[in-house]
Amino acid sequence: GVRRVERFDAAIVRVMHGWMTPEEITKERLLEAIRMSYELFGARVAVLMTIPFTNSVKTMYDYYAVQLVNREIRNIAETWHEAFRDESEEKTGVRHVLLLDFEMYCNHVIWSNAIHLGYNVSEPMKASESTFDEEVESFLFDRLKTGKNYPPSI
């Protein structure tokens with residue numbers, strides 16, 4: 001017979017940056033996504049995923065706007081049990097909020113690639129978040145010339 005899944009243990013919450021501007025990605029919307037992960041899927045754990053650098057980030061303003069959203073995502077995950085006690089399990093059904101730091105993972109890949117392309121950037125495994133912020137302008141906005149709206153990053 002067919003088996004039916006009644007609920008999921010965890011839901012990964014991926015913010016749809018590119019479809020939404022950073023200004024539209026608010027703390028309230030992030031909390032709503034956590035609530036809905038339980039309401040729709042029965043998930044007791046929500047995994048918030050940070051936003052990586054993408055071709056939707058075209059300027060330093062865009063970059064810093066995404067950094068603010070990522071800071072909020074990290075804050076929610078780090079302080080779920082203390083700061084959001086009123087939003088926690090009793091109200092939402094969600095016991096834990098975890099962090100999947102996809103931004104940091106992608107930064108390591110991008111910086112490693114930059115080194116192989118000959119850019120003078122820090123070794124990513126030894127870099128801090130502030131190192132990435134300091135070096136971002138040195139190469140991150142270099143794009144292949146394709147004539148398209150969203151030319152690929154190097």
# chains A, B, ... in the order shown; residues from 1 in each chain; ligands from 1
call {"tool": "closest_atom_pairs", "arguments": {"of": "segment 31-95 of chain A", "to": "segment 4-17 of chain A", "cutoff": "6 Å", "atoms": "only C-alpha atoms", "output": "CSV"}}
result
residue,atom,partner,partner_atom,distance
A:Phe41,CA,A:Arg7,CA,5.4
A:Gly42,CA,A:Arg7,CA,4.7
A:Ala43,CA,A:Ala10,CA,4.7
A:Arg44,CA,A:Asp9,CA,5.8
A:Val45,CA,A:Ala10,CA,4.5
A:Ala46,CA,A:Ala11,CA,5.0
A:Val47,CA,A:Ile12,CA,4.6
A:Leu48,CA,A:Val13,CA,4.9
A:Met49,CA,A:Arg14,CA,5.3
call {"tool": "select_by_dssp", "arguments": {"residues": "chain A", "states": "strand (DSSP E)", "output": "PyMOL selection string"}}
result
chain A and resi 10-14+45-49+96-100
call {"tool": "closest_residue", "arguments": {"among": "A:His96, A:Glu82, A:Phe53, A:Glu129", "to": "Ala65 of chain A", "atoms": "only C-alpha atoms"}}
result
A:Phe53
call {"tool": "closest_residue", "arguments": {"among": "A:Ala127, A:Val109, A:Ile76, A:Val121", "to": "Pro52 of chain A", "atoms": "only C-alpha atoms"}}
result
A:Val109
call {"tool": "select_by_dssp", "arguments": {"residues": "chain A", "states": "helix (DSSP H, G or I)", "output": "number ranges by chain"}}
result
A: 22-24, 27-41, 60-83, 85-87, 89-92, 102-116, 124-126, 129-139
call {"tool": "atom_distance", "arguments": {"atom1": "atom CA of Trp80 of chain A", "atom2": "atom CA of Leu40 of chain A"}}
result
20.1 Å
call {"tool": "atom_distance", "arguments": {"atom1": "atom CA of Leu117 of chain A", "atom2": "atom CA of Gln67 of chain A"}}
result
25.3 Å
call {"tool": "atom_distance", "arguments": {"atom1": "atom CA of Ile110 of chain A", "atom2": "atom CA of Arg71 of chain A"}}
result
20.0 Å
